[in-house]
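Just below is one structure, and these are the notes that go with it.
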Amino acid sequence: MKKLSILILSCACMLGTVLSVAPGQAQAQSSALKKGIQSERVLELQQQLHSLGYFKAGFTGYYGSLTSKAVARFQRDHGLTPDGIAGAATQAKLDSFGKVRVTALDQLARIIYSEARGESFEGQVAVGAVVLNRVQSGEFPSSIPDVILQPGQFTAVQDGQYRLKPNKTAYRAARQALNGADPTNGSLFYYNPAIATAKWSKSRPAVISLGRHTFTN
(Lines give C-alpha, C1' and ligand atoms only; values in the text may rest on other atoms or scores of the structure.)
Protein backbone atom coordinates (compact mmCIF):
# COMPACT_ATOMS: atom_id res chain seq x y z
CA MET A 1 0.00 0.00 0.00
CA LYS A 2 2.87 2.35 0.85
CA LYS A 3 4.49 1.69 -2.53
CA LEU A 4 1.16 2.35 -4.26
CA SER A 5 0.79 5.69 -2.45
CA ILE A 6 4.29 6.72 -3.47
CA LEU A 7 3.54 5.75 -7.07
CA ILE A 8 0.30 7.78 -7.10
CA LEU A 9 2.07 10.79 -5.56
CA SER A 10 4.86 10.54 -8.13
CA CYS A 11 2.36 10.43 -11.02
CA ALA A 12 0.49 13.39 -9.59
CA CYS A 13 3.71 15.41 -9.38
CA MET A 14 4.56 14.52 -12.97
CA LEU A 15 1.07 15.48 -14.10
CA GLY A 16 1.35 18.76 -12.20
CA THR A 17 4.61 19.49 -13.98
CA VAL A 18 3.07 18.80 -17.36
CA LEU A 19 0.07 20.98 -16.59
CA SER A 20 2.27 23.83 -15.40
CA VAL A 21 4.35 23.75 -18.60
CA ALA A 22 1.48 23.40 -21.05
CA PRO A 23 0.04 26.93 -20.65
CA GLY A 24 3.45 28.47 -21.33
CA GLN A 25 3.89 26.34 -24.40
CA ALA A 26 0.44 27.29 -25.65
CA GLN A 27 1.20 30.97 -25.07
CA ALA A 28 4.48 30.69 -26.99
CA GLN A 29 2.70 29.02 -29.89
CA SER A 30 -0.06 31.62 -29.94
CA SER A 31 2.47 34.48 -30.00
CA ALA A 32 4.11 33.18 -33.17
CA LEU A 33 3.53 35.21 -36.32
CA LYS A 34 2.67 33.24 -39.44
CA LYS A 35 0.77 33.34 -42.73
CA GLY A 36 -2.73 34.79 -42.57
CA ILE A 37 -2.16 37.09 -39.58
CA GLN A 38 -2.76 40.83 -39.86
CA SER A 39 -1.57 42.92 -36.94
CA GLU A 40 0.61 45.74 -35.70
CA ARG A 41 3.25 43.16 -34.76
CA VAL A 42 3.42 41.94 -38.36
CA LEU A 43 3.98 45.52 -39.50
CA GLU A 44 6.86 45.86 -37.03
CA LEU A 45 8.28 42.52 -38.22
CA GLN A 46 8.22 43.69 -41.84
CA GLN A 47 10.07 46.88 -40.97
CA GLN A 48 12.63 44.98 -38.90
CA LEU A 49 13.28 42.64 -41.83
CA HIS A 50 13.43 45.62 -44.20
CA SER A 51 16.01 47.38 -42.04
CA LEU A 52 18.21 44.27 -42.26
CA GLY A 53 17.78 43.92 -46.02
CA TYR A 54 15.48 40.88 -46.04
CA PHE A 55 12.11 42.43 -46.92
CA LYS A 56 11.82 44.37 -50.17
CA ALA A 57 8.04 44.55 -50.53
CA GLY A 58 5.59 47.15 -49.23
CA PHE A 59 4.62 47.43 -45.59
CA THR A 60 1.16 45.92 -45.27
CA GLY A 61 0.77 44.55 -41.74
CA TYR A 62 -0.37 41.29 -43.36
CA TYR A 63 1.71 38.10 -43.09
CA GLY A 64 1.67 36.74 -46.63
CA SER A 65 4.05 34.63 -48.70
CA LEU A 66 6.56 37.47 -49.21
CA THR A 67 6.86 38.01 -45.46
CA SER A 68 7.15 34.27 -44.86
CA LYS A 69 9.95 33.95 -47.43
CA ALA A 70 11.80 36.92 -45.92
CA VAL A 71 11.56 35.34 -42.46
CA ALA A 72 12.85 32.03 -43.82
CA ARG A 73 15.86 33.77 -45.40
CA PHE A 74 16.62 35.54 -42.13
CA GLN A 75 16.29 32.26 -40.21
CA ARG A 76 18.58 30.44 -42.63
CA ASP A 77 21.27 33.11 -42.32
CA HIS A 78 21.16 33.04 -38.52
CA GLY A 79 21.11 29.33 -37.77
CA LEU A 80 17.39 29.03 -37.10
CA THR A 81 14.94 26.54 -38.55
CA PRO A 82 13.85 28.16 -41.85
CA ASP A 83 10.12 27.49 -41.48
CA GLY A 84 8.98 31.02 -42.34
CA ILE A 85 7.21 31.37 -38.99
CA ALA A 86 8.34 34.15 -36.66
CA GLY A 87 8.25 32.33 -33.35
CA ALA A 88 9.90 33.36 -30.09
CA ALA A 89 13.46 32.46 -31.14
CA THR A 90 13.18 34.30 -34.45
CA GLN A 91 11.66 37.39 -32.85
CA ALA A 92 14.35 37.41 -30.15
CA LYS A 93 17.07 37.23 -32.80
CA LEU A 94 15.47 40.09 -34.75
CA ASP A 95 15.20 42.17 -31.57
CA SER A 96 18.90 41.59 -30.86
CA PHE A 97 19.65 43.86 -33.83
CA GLY A 98 17.64 46.65 -32.20
CA LYS A 99 14.05 47.81 -32.45
CA VAL A 100 12.89 49.96 -35.36
CA ARG A 101 10.38 52.78 -35.38
CA VAL A 102 7.21 51.59 -37.08
CA THR A 103 6.88 54.54 -39.45
CA ALA A 104 3.98 52.97 -41.36
CA LEU A 105 1.98 52.98 -38.12
CA ASP A 106 2.78 56.68 -37.74
CA GLN A 107 1.55 57.30 -41.27
CA LEU A 108 -1.68 55.38 -40.69
CA ALA A 109 -2.35 57.34 -37.49
CA ARG A 110 -1.56 60.56 -39.32
CA ILE A 111 -4.06 59.94 -42.14
CA ILE A 112 -6.71 58.90 -39.61
CA TYR A 113 -6.18 62.07 -37.59
CA SER A 114 -6.09 64.40 -40.57
CA GLU A 115 -9.11 62.84 -42.29
CA ALA A 116 -11.33 61.90 -39.33
CA ARG A 117 -10.27 63.58 -36.09
CA GLY A 118 -13.80 64.95 -35.59
CA GLU A 119 -15.40 61.53 -35.99
CA SER A 120 -16.26 58.91 -33.38
CA PHE A 121 -13.60 56.35 -32.51
CA GLU A 122 -15.38 53.84 -34.75
CA GLY A 123 -15.35 56.37 -37.56
CA GLN A 124 -11.60 56.82 -37.14
CA VAL A 125 -10.99 53.07 -37.17
CA ALA A 126 -13.06 52.96 -40.37
CA VAL A 127 -10.71 55.34 -42.19
CA GLY A 128 -7.74 53.17 -41.18
CA ALA A 129 -9.60 50.08 -42.37
CA VAL A 130 -10.15 51.64 -45.81
CA VAL A 131 -6.39 52.15 -46.16
CA LEU A 132 -5.72 48.51 -45.24
CA ASN A 133 -8.51 47.25 -47.50
CA ARG A 134 -6.88 49.10 -50.38
CA VAL A 135 -3.50 47.54 -49.60
CA GLN A 136 -5.02 44.07 -49.95
CA SER A 137 -7.37 44.80 -52.86
CA GLY A 138 -4.99 44.58 -55.82
CA GLU A 139 -6.56 47.78 -57.20
CA PHE A 140 -4.25 50.12 -55.29
CA PRO A 141 -0.58 50.20 -54.28
CA SER A 142 0.45 47.28 -52.07
CA SER A 143 1.82 49.16 -49.07
CA ILE A 144 0.39 51.45 -46.41
CA PRO A 145 2.63 54.46 -47.23
CA ASP A 146 2.01 54.16 -50.98
CA VAL A 147 -1.77 53.92 -50.56
CA ILE A 148 -1.82 57.01 -48.34
CA LEU A 149 0.41 59.06 -50.62
CA GLN A 150 -1.13 57.95 -53.92
CA PRO A 151 -1.88 61.21 -55.76
CA GLY A 152 -5.43 62.49 -55.66
CA GLN A 153 -6.77 59.97 -53.15
CA PHE A 154 -6.97 61.73 -49.76
CA THR A 155 -8.04 65.33 -49.32
CA ALA A 156 -5.89 65.75 -46.21
CA VAL A 157 -2.74 64.91 -48.17
CA GLN A 158 -3.65 67.41 -50.87
CA ASP A 159 -4.50 70.33 -48.55
CA GLY A 160 -1.64 69.79 -46.09
CA GLN A 161 -3.61 68.57 -43.06
CA TYR A 162 -1.66 65.31 -43.30
CA ARG A 163 1.26 67.17 -41.71
CA LEU A 164 -0.70 67.56 -38.45
CA LYS A 165 0.58 65.54 -35.49
CA PRO A 166 -1.79 62.66 -34.64
CA ASN A 167 -3.09 62.23 -31.09
CA LYS A 168 -3.28 59.08 -28.96
CA THR A 169 -6.78 58.27 -30.17
CA ALA A 170 -5.60 58.21 -33.77
CA TYR A 171 -2.81 55.79 -32.85
CA ARG A 172 -5.29 53.61 -30.98
CA ALA A 173 -7.60 53.61 -34.00
CA ALA A 174 -4.66 52.72 -36.28
CA ARG A 175 -3.78 49.76 -34.07
CA GLN A 176 -7.40 48.59 -34.00
CA ALA A 177 -7.53 48.64 -37.80
CA LEU A 178 -4.18 46.86 -38.09
CA ASN A 179 -5.43 44.15 -35.75
CA GLY A 180 -8.42 43.42 -37.96
CA ALA A 181 -11.21 45.81 -36.93
CA ASP A 182 -13.20 46.94 -39.97
CA PRO A 183 -16.49 48.77 -39.33
CA THR A 184 -16.76 49.40 -43.11
CA ASN A 185 -17.26 45.75 -44.12
CA GLY A 186 -14.43 45.88 -46.65
CA SER A 187 -15.04 49.31 -48.16
CA LEU A 188 -12.42 50.88 -50.45
CA PHE A 189 -13.77 54.45 -50.56
CA TYR A 190 -15.53 57.02 -48.40
CA TYR A 191 -16.80 60.56 -48.81
CA ASN A 192 -18.63 63.29 -46.93
CA PRO A 193 -22.04 63.76 -48.62
CA ALA A 194 -22.28 67.32 -47.30
CA ILE A 195 -19.24 68.56 -49.19
CA ALA A 196 -18.41 65.95 -51.86
CA THR A 197 -18.67 67.20 -55.44
CA ALA A 198 -17.32 64.24 -57.42
CA LYS A 199 -20.20 62.40 -59.09
CA TRP A 200 -18.27 59.12 -59.17
CA SER A 201 -18.13 59.11 -55.35
CA LYS A 202 -21.89 59.44 -55.01
CA SER A 203 -22.56 56.92 -57.78
CA ARG A 204 -21.01 54.06 -55.83
CA PRO A 205 -23.35 51.89 -53.73
CA ALA A 206 -23.17 52.81 -50.06
CA VAL A 207 -22.04 50.10 -47.67
CA ILE A 208 -22.42 51.97 -44.38
CA SER A 209 -22.58 55.52 -43.01
CA LEU A 210 -20.55 56.43 -39.94
CA GLY A 211 -20.75 60.00 -38.69
CA ARG A 212 -20.13 62.37 -41.59
CA HIS A 213 -18.67 59.71 -43.87
CA THR A 214 -20.38 57.32 -46.26
CA PHE A 215 -18.30 54.22 -47.07
CA THR A 216 -18.57 52.61 -50.49
CA ASN A 217 -17.01 50.01 -52.77
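So you can find residues: chains in the C-alpha coordinates are A, B, ... in the order shown, residues in each start at 1, and ligands are numbered from 1 in order.
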Neighbours of region 36-39 of chain A within 6 Å (only C-alpha atoms; same-chain residues fewer than 5 positions away dropped), as a count of residues only? 5
List the neighbours of Val42 (chain A) out to 12 Å using only C-alpha atoms; skip same-chain residues closer than 2 positions along the sequence, and give me the result as a VMD selection string. chain A and resid 31 to 40 44 to 49 59 to 64 67 to 68 71 85 to 87 91 102 104 to 105 175 178 to 180
If you keep N, CA, C and O atoms, can you produce a file of those selected residues as a short mmCIF file (atom, residue, chain, number, x, y, z; two decimals), in the first residue's frame?
```
data_model
loop_
_atom_site.label_atom_id
_atom_site.label_comp_id
_atom_site.auth_asym_id
_atom_site.auth_seq_id
_atom_site.Cartn_x
_atom_site.Cartn_y
_atom_site.Cartn_z
N SER A 31 1.79 33.21 -29.74
CA SER A 31 2.47 34.48 -30.00
C SER A 31 3.26 34.46 -31.31
O SER A 31 3.76 35.49 -31.74
N ALA A 32 3.38 33.28 -31.92
CA ALA A 32 4.11 33.18 -33.17
C ALA A 32 3.36 33.89 -34.29
O ALA A 32 2.13 33.86 -34.36
N LEU A 33 4.11 34.54 -35.16
CA LEU A 33 3.53 35.21 -36.32
C LEU A 33 3.70 34.32 -37.54
O LEU A 33 4.78 33.81 -37.79
N LYS A 34 2.63 34.13 -38.28
CA LYS A 34 2.67 33.24 -39.44
C LYS A 34 1.66 33.69 -40.48
O LYS A 34 0.91 34.65 -40.28
N LYS A 35 1.63 32.98 -41.61
CA LYS A 35 0.77 33.34 -42.73
C LYS A 35 -0.68 33.51 -42.29
O LYS A 35 -1.21 32.72 -41.53
N GLY A 36 -1.31 34.55 -42.83
CA GLY A 36 -2.73 34.79 -42.57
C GLY A 36 -3.01 35.78 -41.46
O GLY A 36 -4.14 36.21 -41.29
N ILE A 37 -1.98 36.16 -40.69
CA ILE A 37 -2.16 37.09 -39.58
C ILE A 37 -2.01 38.52 -40.06
O ILE A 37 -1.09 38.84 -40.82
N GLN A 38 -2.89 39.39 -39.63
CA GLN A 38 -2.76 40.83 -39.86
C GLN A 38 -2.72 41.51 -38.51
O GLN A 38 -3.62 41.33 -37.69
N SER A 39 -1.68 42.26 -38.24
CA SER A 39 -1.57 42.92 -36.94
C SER A 39 -0.46 43.96 -36.95
O SER A 39 0.36 44.02 -37.87
N GLU A 40 -0.46 44.75 -35.90
CA GLU A 40 0.61 45.74 -35.70
C GLU A 40 1.97 45.05 -35.58
O GLU A 40 2.98 45.55 -36.06
N GLU A 44 5.54 45.65 -37.64
CA GLU A 44 6.86 45.86 -37.03
C GLU A 44 7.86 44.83 -37.56
O GLU A 44 9.01 45.17 -37.86
N LEU A 45 7.42 43.58 -37.69
CA LEU A 45 8.28 42.52 -38.22
C LEU A 45 8.76 42.86 -39.62
O LEU A 45 9.95 42.73 -39.95
N GLN A 46 7.85 43.33 -40.46
CA GLN A 46 8.22 43.69 -41.84
C GLN A 46 9.25 44.80 -41.86
O GLN A 46 10.21 44.76 -42.65
N GLN A 47 9.10 45.78 -40.99
CA GLN A 47 10.07 46.88 -40.97
C GLN A 47 11.40 46.46 -40.37
O GLN A 47 12.45 46.95 -40.78
N GLN A 48 11.38 45.53 -39.42
CA GLN A 48 12.63 44.98 -38.90
C GLN A 48 13.38 44.24 -40.01
O GLN A 48 14.59 44.42 -40.20
N LEU A 49 12.66 43.39 -40.74
CA LEU A 49 13.28 42.64 -41.83
C LEU A 49 13.79 43.58 -42.93
O LEU A 49 14.85 43.36 -43.50
N PHE A 59 5.07 47.69 -46.95
CA PHE A 59 4.62 47.43 -45.59
C PHE A 59 3.10 47.33 -45.57
O PHE A 59 2.41 48.30 -45.86
N THR A 60 2.60 46.16 -45.22
CA THR A 60 1.16 45.92 -45.27
C THR A 60 0.54 45.58 -43.92
O THR A 60 -0.66 45.76 -43.73
N GLY A 61 1.32 45.05 -43.00
CA GLY A 61 0.77 44.55 -41.74
C GLY A 61 0.14 43.18 -41.89
O GLY A 61 -0.39 42.62 -40.93
N TYR A 62 0.22 42.61 -43.10
CA TYR A 62 -0.37 41.29 -43.36
C TYR A 62 0.75 40.28 -43.63
O TYR A 62 1.66 40.53 -44.42
N TYR A 63 0.68 39.13 -42.97
CA TYR A 63 1.71 38.10 -43.09
C TYR A 63 1.37 37.18 -44.28
O TYR A 63 0.66 36.19 -44.13
N GLY A 64 1.88 37.54 -45.43
CA GLY A 64 1.67 36.74 -46.63
C GLY A 64 2.92 35.98 -47.02
O GLY A 64 3.86 35.85 -46.24
N THR A 67 6.35 37.88 -46.82
CA THR A 67 6.86 38.01 -45.46
C THR A 67 7.41 36.67 -44.98
O THR A 67 8.49 36.62 -44.37
N SER A 68 6.70 35.59 -45.27
CA SER A 68 7.15 34.27 -44.86
C SER A 68 8.51 33.92 -45.48
O SER A 68 9.40 33.40 -44.81
N VAL A 71 11.25 35.93 -43.77
CA VAL A 71 11.56 35.34 -42.46
C VAL A 71 12.42 34.10 -42.63
O VAL A 71 13.41 33.91 -41.90
N ILE A 85 8.08 30.96 -40.09
CA ILE A 85 7.21 31.37 -38.99
C ILE A 85 8.04 32.14 -37.97
O ILE A 85 9.08 31.66 -37.52
N ALA A 86 7.58 33.32 -37.61
CA ALA A 86 8.34 34.15 -36.66
C ALA A 86 7.92 33.80 -35.24
O ALA A 86 7.08 34.48 -34.62
N GLY A 87 8.50 32.73 -34.72
CA GLY A 87 8.25 32.33 -33.35
C GLY A 87 9.15 33.09 -32.38
O GLY A 87 9.83 34.05 -32.76
N GLN A 91 11.92 36.02 -33.28
CA GLN A 91 11.66 37.39 -32.85
C GLN A 91 12.76 37.90 -31.91
O GLN A 91 13.16 39.06 -31.98
N VAL A 102 8.19 52.06 -36.11
CA VAL A 102 7.21 51.59 -37.08
C VAL A 102 6.60 52.81 -37.78
O VAL A 102 5.53 53.29 -37.42
N ALA A 104 5.26 53.18 -40.67
CA ALA A 104 3.98 52.97 -41.36
C ALA A 104 2.81 53.12 -40.39
O ALA A 104 1.73 53.57 -40.77
N LEU A 105 3.01 52.76 -39.13
CA LEU A 105 1.98 52.98 -38.12
C LEU A 105 1.77 54.48 -37.91
O LEU A 105 0.64 54.96 -37.80
N ARG A 175 -4.08 51.11 -34.57
CA ARG A 175 -3.78 49.76 -34.07
C ARG A 175 -4.99 48.85 -34.17
O ARG A 175 -4.86 47.67 -34.50
N LEU A 178 -5.24 47.81 -37.76
CA LEU A 178 -4.18 46.86 -38.09
C LEU A 178 -4.46 45.48 -37.52
O LEU A 178 -4.07 44.47 -38.10
N ASN A 179 -5.14 45.43 -36.39
CA ASN A 179 -5.43 44.15 -35.75
C ASN A 179 -6.76 43.56 -36.21
O ASN A 179 -7.28 42.64 -35.58
N GLY A 180 -7.30 44.08 -37.32
CA GLY A 180 -8.42 43.42 -37.96
C GLY A 180 -9.78 44.07 -37.84
O GLY A 180 -10.74 43.60 -38.45
#
```
